[in-house]
Each structure stands twice: as structure tokens, then as C-alpha cells.
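Peer 1: Take a look at the following structure, please.
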Amino acid sequence: MRTSDEMIDRIYISQISRNADYKMPAAHVHAYYELYYVRSGEVSLFSGRKVLNMKTGDYAVIPPGTSHYAFYKNNCVRLNIYFNFSDLCDDGIPFYTDIRESIGFFSGTVSTAYRDELTGIFDRMIKEGRLNDRYSVMLTKLLLREAVLYLMRYFTSSPGTEEDEDGDVITDIVNYINENYSMPLDLNILSKQAGLSPSYFSKKFKAKTGMGMKEYIVLTRLRKASAELLSTDHKISDVSANCGFSDPNYFKDCFRKVYEMSPRDYRKAHVSDVKLMESLENTGE
């Protein structure tokens with residue numbers, strides 16, 4: 001699946017299995033809607049002050065510009081649909097009255113009696129994504145609209161929600177890390193930035209993100225480093241320094257542990273794919 005941090009050109013659907021060992025590199029924001037559906041298992045999805053404890057049959061619609069993050073409590077199959085509001089419109093007119101208000105950030109649980117019908121729609125969307133012929137774009141739009149109506153009709157309750165009085169603070173720190181990953185960051189610096197004691201901050205950060213603060217910082221820096229490796233010809237030592245690692249050897253060890261190859265091998269293995277995709281996009285193929 002290809003998506004863009006800026007915009008997407010059509011509806012994309014992805015179904016992936018995750019287990020409790022999987023860690024998202026960082027909280028993220030995108031410029032399009034995301035429908036997040038738990039097909040099986042349990043996952044915690046946080047955004048702003050809310051933490052949704054989601055189980056099989058639970059869903060959330062995440063609007064553009066909303067920072068969010070998920071961590072998995074056990075083996076989980078989750079389905080994501082990425083779409084623009086225009087996919088719910090015909091000639092700029094929404095297909096359903098007040099649909100924009102209806103798909104603001106909202107969550108729910110699909111009644112067990114109708115769950116198979118909804119997942120059947122999702123399976124058809126996955127199939128259309130694989131076929132990708134000249135009919136797929138329109139059929140996928142129709143299926144998305146059908147899915148949205150099903151969610152609205154067969155909504156039964158909301159997933160368990162925790163209101164966290166320090167949620168905004170932790171989310172702000174997550175964003176701060178994403179913006180200042182190249183700078184020195186440690187527990188004292190970030191807890192002071194949050195206005196919390198180091199021990200309390202550390203506890204709240206892990207409860208909110210599902211991982212320790214240091215682990216989150218390292219994964220964020222590695223994500224930035226992997227992008228720099230593929231988008232520039234910078235030396236490995238320069239990439240390490242640019243992404244906040246003071247020791248190049250430590251950077252290489254961390255990178256190998258997460259990506260199962262050295263930074264140099266990662267660049268060799270993936271940079272050709274990036275160049276090919278850029279070439280195809282530039283030629284409009």
C-alpha cells in the first residue's frame with residue numbers, strides 16, 4: 001500500500017496482523033481520514049486526551065490532522081481504510097446529509113449480529129484493491145459508503161474510554177520528541193518540559209504510549225534515520241548525528257536490532273525501490 005504524508009490519490013485499505021511485541025515508531029498525523037477497525041484481538045488507540053481500549057468489532061474514525069498512536073495488547077488483526085472526504089461526495093455534494101459531522105472523531109462497536117456483513121464489505125474492498133482495474137476506484141468508493149452507513153446503523157456502544165488528565169501533556173511531549181529528535185533528550189529534560197516529576201512522567205508516558213520514554217526516543221530517531229538514508233547520500237556517521245545519536249556505533253547497533261540489517265545494507269536494499277517509485281510517479285505511470 002502506498003500512502004503519502006501530504007495527501008492520497010484514492011482510497012487505500014490495509015489489513016495487518018500485529019502482536020504485543022510490535023512497537024509503532026512514533027505517533028503520527030496525516031492529511032486524510034483513517035477508519036481503524038479491530039477484526040480480532042485487543043489494542044489501545046490514543047489520540048489527544050482519549051485512550052480507546054479496543055476489542056474485536058470496535059472501530060474509530062480519525063479525522064485529518066489528529067495525532068494518534070496504537071499499541072497492541074495481544075495478537076491482533078486490524079484493518080485500516082484511508083480516504084479523503086471527497087470520496088464521500090459526488091460533484092462536491094456529500095452522498096449523505098451531515099456526513100461531515102458524522103465522521104468527526106467517533107468510535108463504536110459493531111453489533112455481533114451484523115459483524116460478518118461489515119467484514120464482508122471490507123473483504124470486498126481488499127479484493128478490489130488487489131484487482132486495481134478500471135472499475136476498482138468507483139467500486140471501492142461505493143463500498144466505503146456502504147461501510148460507513150453500516151457503522152452508523154449498527155453502532156451499539158463505544159469502546160472503553162479512559163480520560164487522562166495528563167493526556168494532553170504526554171501527547172505534547174510525543175510531538176515535542178518528533179520535532180526535536182536531533183536534540184539532546186532525556187528524562188530530566190522531558191519531565192521538566194511536561195511540568196511533571198521524572199518518576200510520575202515516566203509512568204504516565206509508558207501508560208500512554210505503551211513503551212518507555214527512552215525506547216520511544218530511539219525508535220523515533222531510527223525512523224527519521226531510515227528516511228534520511230533513502231532520501232540523501234549522507235554518510236552513515238552524518239545520518240547518525242543528524243538524528244540525535246552521539247555515538248555512530250550505538251546508532252548502528254540500534255538500527256540493526258530494529259531493521260535486522262546495517263544502515264548501509266538497508267540503503268542498498270531499499271533506495272532502488274524508492275527511485276523506481278519516484279520515476280513512476282513522475283512519468284504518471
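Just remember, in the C-alpha cells the first chain shown is A, the second B, etc., residues are 1-based per chain, and ligands are 1-based in the order shown.
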Env of stretch 223-238 of chain A: 12 Å cut, atoms = only C-alpha atoms, seq-sep filter 3 positions within chain, self excluded. Answer as a PyMOL selection string.

Peer 2: chain A and resi 23-28+177-182+216-220+241-252+254-256+258-259+261-275+278

Peer 1: Given only C-alpha atoms as the basis, pick out the residue of A:Pro198, A:Gly210, A:Gly120, A:Gly92 nearest to A:Val51.

Peer 2: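 Of A:Pro198, A:Gly210, A:Gly120, A:Gly92, the one nearest A:Val51, counting only C-alpha atoms, is A:Gly210.
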
Peer 1: Run DSSP on the backbone and tell me which residues of stretch 58-173 of chain A come out as helix (DSSP H, G or I); list them as a VMD selection string.

Peer 2: chain A and resid 85 to 88 99 to 102 112 to 131 136 to 153 167 to 173

Peer 1: What does the structure give for the distance between atom CA of A:Glu34 and atom CA of A:Ser67, in Å to one decimal?

Peer 2: 11.5 Å

Peer 1: Please provide the set of residues having any atom within 9 Å of A:Ile126, restricted to only C-alpha atoms, with same-chain residues fewer than 3 positions apart removed, written as a VMD selection string.

Peer 2: chain A and resid 12 to 15 121 to 123 129 to 131 140

Peer 1: To one decimal place in Å, what is the distance between atom CA of A:Asp58 and atom CA of A:Pro159?

Peer 2: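 Computed distance, atom CA of A:Asp58 to atom CA of A:Pro159, equals 6.4 Å.
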